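Trainee: So that we are looking at the same thing, I have put the structure below in structure tokens.
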Amino acid sequence: MRTANLAAAADRLLISLRVKAREKESWFGFGTEATVHILGKPQLDQQQQVLHLTDMSLAVESEAAFGLLGAAARAAMPYLQKALADKAVLDLKPFANDAKAKIAVALTEFQQVGDGVRVDASVNDLRLTGIEFDAHTLRVIAECNGNVKVAVTQLPRT
């Protein structure tokens, strides 16, 4: 894969992959570059913390679309579409762990001692609970569990 782009398309995501493929069955070694467009509806599996693409459709743009490779690509499309439907899963656990670490850093900066107040906060768990997107932004909604302790040792004088 050379590049990947992600864009919103109504209630679906459009993923465009620029790929270079080479045929290895014969000694000809035919090859081409193509852009594979995958259009699918994102579904978050909250239990497994993975994102599935459902109701997928597939299109291929290729310089060889009208030649020998184009015929082969058209014949392979149903198999490719089924393989993508079975395997189109994005593991979001690394993203959740990264978000948890960034929230912990932000809380460390928030924790303070001074003016008679001490604040301690921590994040124990973070779960992804939803996904929303528009033409410009992909939002992943998360739920955090944690602890906050506030100790007041001196009240401000008025």
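Labeling convention for the structure tokens: chains A, B, ... as they appear, residues from 1 per chain, ligands from 1 in order of appearance.
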Leaving out range 2-8 of chain A and any residue of its chain fewer than 5 positions from it, which residues lie within 10 Å of it when counting only C-alpha atoms, given as a PDB file with C-alpha atoms, in the first residue's frame?
Mentor:
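To be explicit, this is the file written out as out_17.pdb:
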```
ATOM      1  CA  LEU A  13     -16.727   6.218   5.471  1.00  0.00           C
ATOM      2  CA  LEU A  14     -14.854   6.230   2.174  1.00  0.00           C
ATOM      3  CA  ILE A  15     -11.390   4.726   2.419  1.00  0.00           C
ATOM      4  CA  SER A  16      -9.186   5.192  -0.643  1.00  0.00           C
ATOM      5  CA  LEU A  17      -6.071   3.028  -0.822  1.00  0.00           C
ATOM      6  CA  ARG A  18      -3.378   3.558  -3.446  1.00  0.00           C
ATOM      7  CA  VAL A  19      -1.796   0.141  -4.027  1.00  0.00           C
ATOM      8  CA  LYS A  20       0.783  -1.434  -6.292  1.00  0.00           C
ATOM      9  CA  GLU A  33      -0.931   0.709  -9.577  1.00  0.00           C
ATOM     10  CA  ALA A  34      -4.543   1.175  -8.625  1.00  0.00           C
ATOM     11  CA  THR A  35      -6.735   3.103  -6.240  1.00  0.00           C
ATOM     12  CA  VAL A  36      -9.109   0.883  -4.290  1.00  0.00           C
ATOM     13  CA  HIS A  37     -12.169   2.694  -2.900  1.00  0.00           C
ATOM     14  CA  ILE A  38     -13.933   1.016   0.015  1.00  0.00           C
ATOM     15  CA  LEU A  39     -17.235   2.481   1.141  1.00  0.00           C
ATOM     16  CA  PHE A 133     -18.046  11.927  11.854  1.00  0.00           C
ATOM     17  CA  ASP A 134     -18.724  14.723   9.443  1.00  0.00           C
ATOM     18  CA  ALA A 135     -16.926  15.947   6.345  1.00  0.00           C
ATOM     19  CA  HIS A 136     -13.978  17.260   8.372  1.00  0.00           C
ATOM     20  CA  THR A 137     -13.729  15.367  11.653  1.00  0.00           C
ATOM     21  CA  LEU A 138     -13.860  11.798  12.911  1.00  0.00           C
TER      22      LEU A 138
END
```
Trainee: Compile the contact shell of Leu53 in chain A as a list in words: residues with an atom at most 7 Å away, counting only C-alpha atoms, same-chain residues fewer than 3 positions apart removed.
Mentor: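 My reading of the contact set: Gly40, Lys41, Pro42, Gln43, Met56, Ala88 and Val89 of chain A.
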Trainee: Would you mind exporting N, CA and C atoms of the selected residues as an mmCIF file, in the first residue's frame?
Mentor:
```cif
data_model
loop_
_atom_site.group_PDB
_atom_site.id
_atom_site.type_symbol
_atom_site.label_atom_id
_atom_site.label_comp_id
_atom_site.auth_asym_id
_atom_site.auth_seq_id
_atom_site.Cartn_x
_atom_site.Cartn_y
_atom_site.Cartn_z
ATOM 1 N N GLY A 40 -17.992 1.948 3.385
ATOM 2 C CA GLY A 40 -18.640 1.102 4.381
ATOM 3 C C GLY A 40 -19.193 1.901 5.533
ATOM 4 N N LYS A 41 -20.137 1.290 6.210
ATOM 5 C CA LYS A 41 -20.764 1.905 7.373
ATOM 6 C C LYS A 41 -20.004 1.460 8.622
ATOM 7 N N PRO A 42 -19.461 2.402 9.397
ATOM 8 C CA PRO A 42 -18.695 2.023 10.589
ATOM 9 C C PRO A 42 -19.616 1.587 11.723
ATOM 10 N N GLN A 43 -19.261 0.473 12.358
ATOM 11 C CA GLN A 43 -19.989 -0.051 13.515
ATOM 12 C C GLN A 43 -18.981 -0.328 14.624
ATOM 13 N N MET A 56 -20.563 -2.906 2.868
ATOM 14 C CA MET A 56 -19.439 -2.386 2.083
ATOM 15 C C MET A 56 -19.669 -2.515 0.588
ATOM 16 N N ALA A 88 -12.405 -6.517 7.434
ATOM 17 C CA ALA A 88 -12.414 -5.055 7.615
ATOM 18 C C ALA A 88 -12.703 -4.704 9.067
ATOM 19 N N VAL A 89 -11.698 -4.877 9.904
ATOM 20 C CA VAL A 89 -11.810 -4.613 11.327
ATOM 21 C C VAL A 89 -10.612 -3.770 11.746
#
```
Trainee: With only C-alpha atoms as the basis for distance, which of A:Thr108, A:Thr129, A:Thr158, A:Gln81 is at the shortest distance from Gln47 in chain A?
Mentor: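 Comparing A:Thr108, A:Thr129, A:Thr158, A:Gln81 against Gln47 in chain A, the winner is A:Thr129.
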Trainee: Which residue is closest to Tyr79 in chain A? Choose from A:Leu58, A:Gln111, A:Leu92, A:Ala9 and count only C-alpha atoms.
Mentor: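 Among A:Leu58, A:Gln111, A:Leu92, A:Ala9, it is A:Leu58 that comes nearest to Tyr79 in chain A.
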Trainee: Using only C-alpha atoms, which of A:Leu80, A:Val119, A:Leu128, A:Leu155 sits nearest Glu143 in chain A?
Mentor: A:Leu128
Trainee: Counting only C-alpha atoms, which of A:Met77, A:Gln154, A:Val50, A:Asn147 gets nearest to Asp115 in chain A?
Mentor: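 Once distances to Asp115 in chain A are computed over only C-alpha atoms, the minimum belongs to A:Gln154.
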Trainee: What does the distance between CA of Val152 in chain A and CA of Val105 in chain A come to in Å, to one decimal place?
Mentor: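 Computing it gives 23.1 Å between the two atoms.
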Trainee: Enumerate as a PyMOL selection string all residues of range 83-137 of chain A assigned to alpha helix (DSSP H) by DSSP on the backbone, naming them with the chain letters and numbers the document uses.
Mentor: chain A and resi 83-87+93-110
Trainee: For the selection just defined, write its residues with C-alpha atoms to a file, as a CSV table (one decimal), in the first residue's frame.
Mentor:
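Below is the file that was written, part-v5.csv:
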```
chain,number,residue,atom,x,y,z
A,83,ALA,CA,-12.4,-10.9,2.0
A,84,LEU,CA,-12.7,-7.2,2.9
A,85,ALA,CA,-16.1,-7.7,4.6
A,86,ASP,CA,-14.6,-10.5,6.7
A,87,LYS,CA,-11.4,-8.7,7.5
A,93,LYS,CA,-7.4,-0.7,21.8
A,94,PRO,CA,-4.1,1.0,20.9
A,95,PHE,CA,-6.0,4.3,20.3
A,96,ALA,CA,-7.9,3.9,23.7
A,97,ASN,CA,-4.6,3.2,25.5
A,98,ASP,CA,-3.0,6.3,23.8
A,99,ALA,CA,-6.0,8.4,24.8
A,100,LYS,CA,-5.8,7.1,28.4
A,101,ALA,CA,-2.1,8.0,28.6
A,102,LYS,CA,-2.8,11.5,27.2
A,103,ILE,CA,-5.6,12.1,29.7
A,104,ALA,CA,-3.2,10.9,32.5
A,105,VAL,CA,-0.6,13.5,31.4
A,106,ALA,CA,-3.3,16.2,31.3
A,107,LEU,CA,-4.5,15.2,34.8
A,108,THR,CA,-0.9,15.4,36.0
A,109,GLU,CA,-0.7,19.0,34.8
A,110,PHE,CA,-4.0,19.7,36.5
```
Trainee: Enumerate, as a PDB file with N, CA and C atoms, in the first residue's frame, the complete set of residues in chain A that a backbone-based DSSP assignment places in strand (DSSP E or B).
Mentor:
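Okay, out.pdb is ready:
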```pdb
ATOM      1  N   THR A   3      -0.550   4.786  -0.185  1.00  0.00           N
ATOM      2  CA  THR A   3      -1.193   5.837   0.600  1.00  0.00           C
ATOM      3  C   THR A   3      -2.600   5.390   0.971  1.00  0.00           C
ATOM      4  N   ALA A   4      -3.147   6.061   1.974  1.00  0.00           N
ATOM      5  CA  ALA A   4      -4.530   5.811   2.389  1.00  0.00           C
ATOM      6  C   ALA A   4      -5.162   7.141   2.744  1.00  0.00           C
ATOM      7  N   ASN A   5      -6.403   7.337   2.312  1.00  0.00           N
ATOM      8  CA  ASN A   5      -7.164   8.542   2.630  1.00  0.00           C
ATOM      9  C   ASN A   5      -8.511   8.124   3.182  1.00  0.00           C
ATOM     10  N   LEU A   6      -9.037   8.923   4.098  1.00  0.00           N
ATOM     11  CA  LEU A   6     -10.311   8.655   4.732  1.00  0.00           C
ATOM     12  C   LEU A   6     -11.181   9.885   4.562  1.00  0.00           C
ATOM     13  N   ALA A   7     -12.440   9.670   4.156  1.00  0.00           N
ATOM     14  CA  ALA A   7     -13.372  10.790   3.977  1.00  0.00           C
ATOM     15  C   ALA A   7     -14.776  10.339   4.361  1.00  0.00           C
ATOM     16  N   ALA A   8     -15.580  11.289   4.801  1.00  0.00           N
ATOM     17  CA  ALA A   8     -16.973  11.001   5.129  1.00  0.00           C
ATOM     18  C   ALA A   8     -17.799  11.041   3.853  1.00  0.00           C
ATOM     19  N   ALA A   9     -18.799  10.155   3.796  1.00  0.00           N
ATOM     20  CA  ALA A   9     -19.736  10.118   2.682  1.00  0.00           C
ATOM     21  C   ALA A   9     -21.101   9.778   3.268  1.00  0.00           C
ATOM     22  N   ARG A  12     -21.529   6.946   5.884  1.00  0.00           N
ATOM     23  CA  ARG A  12     -20.493   5.943   5.612  1.00  0.00           C
ATOM     24  C   ARG A  12     -19.113   6.602   5.584  1.00  0.00           C
ATOM     25  N   LEU A  13     -18.101   5.761   5.639  1.00  0.00           N
ATOM     26  CA  LEU A  13     -16.727   6.218   5.471  1.00  0.00           C
ATOM     27  C   LEU A  13     -16.213   5.724   4.133  1.00  0.00           C
ATOM     28  N   LEU A  14     -15.500   6.589   3.430  1.00  0.00           N
ATOM     29  CA  LEU A  14     -14.854   6.230   2.174  1.00  0.00           C
ATOM     30  C   LEU A  14     -13.361   6.145   2.441  1.00  0.00           C
ATOM     31  N   ILE A  15     -12.821   4.955   2.249  1.00  0.00           N
ATOM     32  CA  ILE A  15     -11.390   4.726   2.419  1.00  0.00           C
ATOM     33  C   ILE A  15     -10.808   4.501   1.035  1.00  0.00           C
ATOM     34  N   SER A  16      -9.837   5.321   0.663  1.00  0.00           N
ATOM     35  CA  SER A  16      -9.186   5.192  -0.643  1.00  0.00           C
ATOM     36  C   SER A  16      -7.749   4.742  -0.420  1.00  0.00           C
ATOM     37  N   LEU A  17      -7.402   3.595  -0.972  1.00  0.00           N
ATOM     38  CA  LEU A  17      -6.071   3.028  -0.822  1.00  0.00           C
ATOM     39  C   LEU A  17      -5.371   3.025  -2.168  1.00  0.00           C
ATOM     40  N   ARG A  18      -4.201   3.602  -2.231  1.00  0.00           N
ATOM     41  CA  ARG A  18      -3.378   3.558  -3.446  1.00  0.00           C
ATOM     42  C   ARG A  18      -2.439   2.367  -3.277  1.00  0.00           C
ATOM     43  N   VAL A  19      -2.569   1.376  -4.160  1.00  0.00           N
ATOM     44  CA  VAL A  19      -1.796   0.141  -4.027  1.00  0.00           C
ATOM     45  C   VAL A  19      -1.030  -0.150  -5.305  1.00  0.00           C
ATOM     46  N   LYS A  20       0.024  -0.932  -5.159  1.00  0.00           N
ATOM     47  CA  LYS A  20       0.783  -1.434  -6.292  1.00  0.00           C
ATOM     48  C   LYS A  20       0.690  -2.947  -6.233  1.00  0.00           C
ATOM     49  N   ALA A  21       0.196  -3.546  -7.300  1.00  0.00           N
ATOM     50  CA  ALA A  21       0.010  -4.995  -7.340  1.00  0.00           C
ATOM     51  C   ALA A  21       0.828  -5.588  -8.473  1.00  0.00           C
ATOM     52  N   ARG A  22       1.324  -6.787  -8.230  1.00  0.00           N
ATOM     53  CA  ARG A  22       2.091  -7.502  -9.244  1.00  0.00           C
ATOM     54  C   ARG A  22       1.624  -8.943  -9.263  1.00  0.00           C
ATOM     55  N   GLY A  31       2.054  -6.021 -13.630  1.00  0.00           N
ATOM     56  CA  GLY A  31       1.829  -5.218 -12.438  1.00  0.00           C
ATOM     57  C   GLY A  31       1.220  -3.888 -12.802  1.00  0.00           C
ATOM     58  N   THR A  32       0.587  -3.277 -11.835  1.00  0.00           N
ATOM     59  CA  THR A  32      -0.015  -1.971 -12.041  1.00  0.00           C
ATOM     60  C   THR A  32      -0.243  -1.298 -10.697  1.00  0.00           C
ATOM     61  N   GLU A  33      -0.486  -0.022 -10.754  1.00  0.00           N
ATOM     62  CA  GLU A  33      -0.931   0.709  -9.577  1.00  0.00           C
ATOM     63  C   GLU A  33      -2.417   0.944  -9.728  1.00  0.00           C
ATOM     64  N   ALA A  34      -3.098   0.969  -8.603  1.00  0.00           N
ATOM     65  CA  ALA A  34      -4.543   1.175  -8.625  1.00  0.00           C
ATOM     66  C   ALA A  34      -4.962   1.896  -7.352  1.00  0.00           C
ATOM     67  N   THR A  35      -6.115   2.530  -7.423  1.00  0.00           N
ATOM     68  CA  THR A  35      -6.735   3.103  -6.240  1.00  0.00           C
ATOM     69  C   THR A  35      -7.962   2.253  -5.938  1.00  0.00           C
ATOM     70  N   VAL A  36      -7.991   1.699  -4.734  1.00  0.00           N
ATOM     71  CA  VAL A  36      -9.109   0.883  -4.290  1.00  0.00           C
ATOM     72  C   VAL A  36      -9.958   1.745  -3.358  1.00  0.00           C
ATOM     73  N   HIS A  37     -11.236   1.908  -3.706  1.00  0.00           N
ATOM     74  CA  HIS A  37     -12.169   2.694  -2.900  1.00  0.00           C
ATOM     75  C   HIS A  37     -13.073   1.727  -2.147  1.00  0.00           C
ATOM     76  N   ILE A  38     -13.094   1.857  -0.830  1.00  0.00           N
ATOM     77  CA  ILE A  38     -13.933   1.016   0.015  1.00  0.00           C
ATOM     78  C   ILE A  38     -14.915   1.935   0.721  1.00  0.00           C
ATOM     79  N   LEU A  39     -16.187   1.681   0.515  1.00  0.00           N
ATOM     80  CA  LEU A  39     -17.235   2.481   1.141  1.00  0.00           C
ATOM     81  C   LEU A  39     -17.971   1.577   2.114  1.00  0.00           C
ATOM     82  N   GLY A  40     -17.992   1.948   3.385  1.00  0.00           N
ATOM     83  CA  GLY A  40     -18.640   1.102   4.381  1.00  0.00           C
ATOM     84  C   GLY A  40     -19.193   1.901   5.533  1.00  0.00           C
ATOM     85  N   LYS A  41     -20.137   1.290   6.210  1.00  0.00           N
ATOM     86  CA  LYS A  41     -20.764   1.905   7.373  1.00  0.00           C
ATOM     87  C   LYS A  41     -20.004   1.460   8.622  1.00  0.00           C
ATOM     88  N   PRO A  42     -19.461   2.402   9.397  1.00  0.00           N
ATOM     89  CA  PRO A  42     -18.695   2.023  10.589  1.00  0.00           C
ATOM     90  C   PRO A  42     -19.616   1.587  11.723  1.00  0.00           C
ATOM     91  N   GLN A  43     -19.261   0.473  12.358  1.00  0.00           N
ATOM     92  CA  GLN A  43     -19.989  -0.051  13.515  1.00  0.00           C
ATOM     93  C   GLN A  43     -18.981  -0.328  14.624  1.00  0.00           C
ATOM     94  N   LEU A  44     -19.166   0.289  15.775  1.00  0.00           N
ATOM     95  CA  LEU A  44     -18.272   0.089  16.906  1.00  0.00           C
ATOM     96  C   LEU A  44     -18.754  -1.085  17.736  1.00  0.00           C
ATOM     97  N   ASP A  45     -17.882  -2.062  17.952  1.00  0.00           N
ATOM     98  CA  ASP A  45     -18.132  -3.169  18.865  1.00  0.00           C
ATOM     99  C   ASP A  45     -17.547  -2.756  20.211  1.00  0.00           C
ATOM    100  N   VAL A  50     -13.391  -2.745  18.844  1.00  0.00           N
ATOM    101  CA  VAL A  50     -12.968  -2.772  17.448  1.00  0.00           C
ATOM    102  C   VAL A  50     -14.028  -2.081  16.599  1.00  0.00           C
ATOM    103  N   LEU A  51     -13.607  -1.595  15.451  1.00  0.00           N
ATOM    104  CA  LEU A  51     -14.491  -0.938  14.501  1.00  0.00           C
ATOM    105  C   LEU A  51     -14.633  -1.836  13.284  1.00  0.00           C
ATOM    106  N   HIS A  52     -15.876  -2.194  12.941  1.00  0.00           N
ATOM    107  CA  HIS A  52     -16.162  -3.011  11.765  1.00  0.00           C
ATOM    108  C   HIS A  52     -16.736  -2.106  10.675  1.00  0.00           C
ATOM    109  N   LEU A  53     -16.459  -2.431   9.440  1.00  0.00           N
ATOM    110  CA  LEU A  53     -17.137  -1.773   8.319  1.00  0.00           C
ATOM    111  C   LEU A  53     -18.175  -2.753   7.783  1.00  0.00           C
ATOM    112  N   THR A  54     -19.431  -2.300   7.729  1.00  0.00           N
ATOM    113  CA  THR A  54     -20.514  -3.138   7.232  1.00  0.00           C
ATOM    114  C   THR A  54     -21.107  -2.500   5.983  1.00  0.00           C
ATOM    115  N   ASP A  55     -21.987  -3.229   5.315  1.00  0.00           N
ATOM    116  CA  ASP A  55     -22.644  -2.735   4.087  1.00  0.00           C
ATOM    117  C   ASP A  55     -21.615  -2.139   3.131  1.00  0.00           C
ATOM    118  N   MET A  56     -20.563  -2.906   2.868  1.00  0.00           N
ATOM    119  CA  MET A  56     -19.439  -2.386   2.083  1.00  0.00           C
ATOM    120  C   MET A  56     -19.669  -2.515   0.588  1.00  0.00           C
ATOM    121  N   SER A  57     -19.097  -1.558  -0.108  1.00  0.00           N
ATOM    122  CA  SER A  57     -19.002  -1.647  -1.566  1.00  0.00           C
ATOM    123  C   SER A  57     -17.566  -1.299  -1.938  1.00  0.00           C
ATOM    124  N   LEU A  58     -17.164  -1.739  -3.101  1.00  0.00           N
ATOM    125  CA  LEU A  58     -15.773  -1.654  -3.511  1.00  0.00           C
ATOM    126  C   LEU A  58     -15.697  -1.196  -4.954  1.00  0.00           C
ATOM    127  N   ALA A  59     -14.742  -0.333  -5.244  1.00  0.00           N
ATOM    128  CA  ALA A  59     -14.478   0.102  -6.618  1.00  0.00           C
ATOM    129  C   ALA A  59     -12.970   0.227  -6.789  1.00  0.00           C
ATOM    130  N   VAL A  60     -12.495  -0.060  -8.004  1.00  0.00           N
ATOM    131  CA  VAL A  60     -11.067   0.015  -8.292  1.00  0.00           C
ATOM    132  C   VAL A  60     -10.858   0.916  -9.494  1.00  0.00           C
ATOM    133  N   GLU A  61      -9.945   1.882  -9.346  1.00  0.00           N
ATOM    134  CA  GLU A  61      -9.503   2.714 -10.473  1.00  0.00           C
ATOM    135  C   GLU A  61      -8.092   2.286 -10.799  1.00  0.00           C
ATOM    136  N   SER A  62      -7.846   1.985 -12.079  1.00  0.00           N
ATOM    137  CA  SER A  62      -6.519   1.505 -12.455  1.00  0.00           C
ATOM    138  C   SER A  62      -6.184   1.974 -13.856  1.00  0.00           C
ATOM    139  N   VAL A  89     -11.698  -4.877   9.904  1.00  0.00           N
ATOM    140  CA  VAL A  89     -11.810  -4.613  11.327  1.00  0.00           C
ATOM    141  C   VAL A  89     -10.612  -3.770  11.746  1.00  0.00           C
ATOM    142  N   LEU A  90     -10.878  -2.714  12.483  1.00  0.00           N
ATOM    143  CA  LEU A  90      -9.815  -1.856  12.993  1.00  0.00           C
ATOM    144  C   LEU A  90      -9.800  -1.981  14.514  1.00  0.00           C
ATOM    145  N   ASP A  91      -8.687  -2.477  15.056  1.00  0.00           N
ATOM    146  CA  ASP A  91      -8.527  -2.638  16.496  1.00  0.00           C
ATOM    147  C   ASP A  91      -8.295  -1.256  17.113  1.00  0.00           C
ATOM    148  N   VAL A 113      -0.837  21.648  44.120  1.00  0.00           N
ATOM    149  CA  VAL A 113      -0.802  21.897  45.555  1.00  0.00           C
ATOM    150  C   VAL A 113      -0.557  23.388  45.701  1.00  0.00           C
ATOM    151  N   GLY A 114      -1.393  24.042  46.412  1.00  0.00           N
ATOM    152  CA  GLY A 114      -1.200  25.475  46.594  1.00  0.00           C
ATOM    153  C   GLY A 114      -2.481  26.140  47.030  1.00  0.00           C
ATOM    154  N   VAL A 117      -5.236  24.055  48.743  1.00  0.00           N
ATOM    155  CA  VAL A 117      -5.988  23.015  48.033  1.00  0.00           C
ATOM    156  C   VAL A 117      -5.008  22.045  47.395  1.00  0.00           C
ATOM    157  N   ARG A 118      -5.298  20.766  47.558  1.00  0.00           N
ATOM    158  CA  ARG A 118      -4.512  19.737  46.882  1.00  0.00           C
ATOM    159  C   ARG A 118      -5.479  18.873  46.064  1.00  0.00           C
ATOM    160  N   VAL A 119      -5.171  18.666  44.777  1.00  0.00           N
ATOM    161  CA  VAL A 119      -6.016  17.881  43.886  1.00  0.00           C
ATOM    162  C   VAL A 119      -5.196  16.714  43.351  1.00  0.00           C
ATOM    163  N   ASP A 120      -5.711  15.495  43.525  1.00  0.00           N
ATOM    164  CA  ASP A 120      -5.117  14.286  42.948  1.00  0.00           C
ATOM    165  C   ASP A 120      -6.188  13.623  42.090  1.00  0.00           C
ATOM    166  N   ALA A 121      -5.842  13.256  40.860  1.00  0.00           N
ATOM    167  CA  ALA A 121      -6.799  12.614  39.956  1.00  0.00           C
ATOM    168  C   ALA A 121      -6.088  11.532  39.164  1.00  0.00           C
ATOM    169  N   SER A 122      -6.838  10.474  38.840  1.00  0.00           N
ATOM    170  CA  SER A 122      -6.266   9.394  38.035  1.00  0.00           C
ATOM    171  C   SER A 122      -7.356   8.765  37.167  1.00  0.00           C
ATOM    172  N   VAL A 123      -6.928   8.157  36.074  1.00  0.00           N
ATOM    173  CA  VAL A 123      -7.824   7.444  35.166  1.00  0.00           C
ATOM    174  C   VAL A 123      -7.543   5.955  35.338  1.00  0.00           C
ATOM    175  N   ASN A 124      -8.577   5.196  35.696  1.00  0.00           N
ATOM    176  CA  ASN A 124      -8.418   3.754  35.894  1.00  0.00           C
ATOM    177  C   ASN A 124      -8.790   2.960  34.650  1.00  0.00           C
ATOM    178  N   ASP A 125      -9.787   3.445  33.904  1.00  0.00           N
ATOM    179  CA  ASP A 125     -10.282   2.695  32.752  1.00  0.00           C
ATOM    180  C   ASP A 125     -10.827   3.662  31.713  1.00  0.00           C
ATOM    181  N   LEU A 126     -10.658   3.314  30.457  1.00  0.00           N
ATOM    182  CA  LEU A 126     -11.206   4.113  29.364  1.00  0.00           C
ATOM    183  C   LEU A 126     -11.779   3.148  28.340  1.00  0.00           C
ATOM    184  N   ARG A 127     -13.043   3.358  27.957  1.00  0.00           N
ATOM    185  CA  ARG A 127     -13.715   2.519  26.962  1.00  0.00           C
ATOM    186  C   ARG A 127     -14.286   3.409  25.870  1.00  0.00           C
ATOM    187  N   LEU A 128     -14.126   2.993  24.638  1.00  0.00           N
ATOM    188  CA  LEU A 128     -14.710   3.709  23.514  1.00  0.00           C
ATOM    189  C   LEU A 128     -16.178   3.306  23.420  1.00  0.00           C
ATOM    190  N   THR A 129     -17.064   4.309  23.345  1.00  0.00           N
ATOM    191  CA  THR A 129     -18.501   4.032  23.387  1.00  0.00           C
ATOM    192  C   THR A 129     -19.256   4.455  22.134  1.00  0.00           C
ATOM    193  N   GLY A 130     -18.627   5.210  21.251  1.00  0.00           N
ATOM    194  CA  GLY A 130     -19.335   5.646  20.060  1.00  0.00           C
ATOM    195  C   GLY A 130     -18.403   6.245  19.034  1.00  0.00           C
ATOM    196  N   ILE A 131     -18.945   6.449  17.842  1.00  0.00           N
ATOM    197  CA  ILE A 131     -18.183   7.072  16.762  1.00  0.00           C
ATOM    198  C   ILE A 131     -19.135   7.979  15.991  1.00  0.00           C
ATOM    199  N   GLU A 132     -18.652   9.171  15.680  1.00  0.00           N
ATOM    200  CA  GLU A 132     -19.400  10.141  14.885  1.00  0.00           C
ATOM    201  C   GLU A 132     -18.428  10.793  13.924  1.00  0.00           C
ATOM    202  N   PHE A 133     -18.918  11.246  12.799  1.00  0.00           N
ATOM    203  CA  PHE A 133     -18.046  11.927  11.854  1.00  0.00           C
ATOM    204  C   PHE A 133     -18.860  12.848  10.978  1.00  0.00           C
ATOM    205  N   LEU A 138     -13.448  13.106  12.406  1.00  0.00           N
ATOM    206  CA  LEU A 138     -13.860  11.798  12.911  1.00  0.00           C
ATOM    207  C   LEU A 138     -13.741  11.867  14.426  1.00  0.00           C
ATOM    208  N   ARG A 139     -14.867  11.659  15.135  1.00  0.00           N
ATOM    209  CA  ARG A 139     -14.880  11.734  16.583  1.00  0.00           C
ATOM    210  C   ARG A 139     -15.125  10.345  17.162  1.00  0.00           C
ATOM    211  N   VAL A 140     -14.271   9.963  18.077  1.00  0.00           N
ATOM    212  CA  VAL A 140     -14.457   8.726  18.819  1.00  0.00           C
ATOM    213  C   VAL A 140     -14.845   9.134  20.232  1.00  0.00           C
ATOM    214  N   ILE A 141     -15.971   8.639  20.712  1.00  0.00           N
ATOM    215  CA  ILE A 141     -16.506   9.018  22.010  1.00  0.00           C
ATOM    216  C   ILE A 141     -16.049   7.979  23.032  1.00  0.00           C
ATOM    217  N   ALA A 142     -15.530   8.454  24.151  1.00  0.00           N
ATOM    218  CA  ALA A 142     -14.986   7.568  25.170  1.00  0.00           C
ATOM    219  C   ALA A 142     -15.629   7.850  26.527  1.00  0.00           C
ATOM    220  N   GLU A 143     -15.586   6.836  27.366  1.00  0.00           N
ATOM    221  CA  GLU A 143     -16.077   6.933  28.731  1.00  0.00           C
ATOM    222  C   GLU A 143     -14.921   6.555  29.652  1.00  0.00           C
ATOM    223  N   CYS A 144     -14.665   7.392  30.652  1.00  0.00           N
ATOM    224  CA  CYS A 144     -13.555   7.159  31.589  1.00  0.00           C
ATOM    225  C   CYS A 144     -14.084   6.870  32.983  1.00  0.00           C
ATOM    226  N   ASN A 145     -13.366   6.023  33.687  1.00  0.00           N
ATOM    227  CA  ASN A 145     -13.582   5.809  35.111  1.00  0.00           C
ATOM    228  C   ASN A 145     -12.280   6.167  35.810  1.00  0.00           C
ATOM    229  N   GLY A 146     -12.390   6.815  36.945  1.00  0.00           N
ATOM    230  CA  GLY A 146     -11.187   7.193  37.669  1.00  0.00           C
ATOM    231  C   GLY A 146     -11.511   7.709  39.049  1.00  0.00           C
ATOM    232  N   ASN A 147     -10.519   8.318  39.656  1.00  0.00           N
ATOM    233  CA  ASN A 147     -10.650   8.849  41.009  1.00  0.00           C
ATOM    234  C   ASN A 147     -10.175  10.289  41.040  1.00  0.00           C
ATOM    235  N   VAL A 148     -10.860  11.078  41.852  1.00  0.00           N
ATOM    236  CA  VAL A 148     -10.438  12.449  42.109  1.00  0.00           C
ATOM    237  C   VAL A 148     -10.497  12.661  43.618  1.00  0.00           C
ATOM    238  N   LYS A 149      -9.419  13.168  44.162  1.00  0.00           N
ATOM    239  CA  LYS A 149      -9.362  13.498  45.585  1.00  0.00           C
ATOM    240  C   LYS A 149      -9.004  14.977  45.702  1.00  0.00           C
ATOM    241  N   VAL A 150      -9.784  15.682  46.480  1.00  0.00           N
ATOM    242  CA  VAL A 150      -9.518  17.098  46.723  1.00  0.00           C
ATOM    243  C   VAL A 150      -9.408  17.283  48.238  1.00  0.00           C
ATOM    244  N   ALA A 151      -8.346  17.873  48.665  1.00  0.00           N
ATOM    245  CA  ALA A 151      -8.159  18.175  50.086  1.00  0.00           C
ATOM    246  C   ALA A 151      -8.026  19.678  50.236  1.00  0.00           C
ATOM    247  N   VAL A 152      -8.872  20.218  51.075  1.00  0.00           N
ATOM    248  CA  VAL A 152      -8.837  21.662  51.356  1.00  0.00           C
ATOM    249  C   VAL A 152      -8.279  21.820  52.766  1.00  0.00           C
TER     250      VAL A 152
END
```
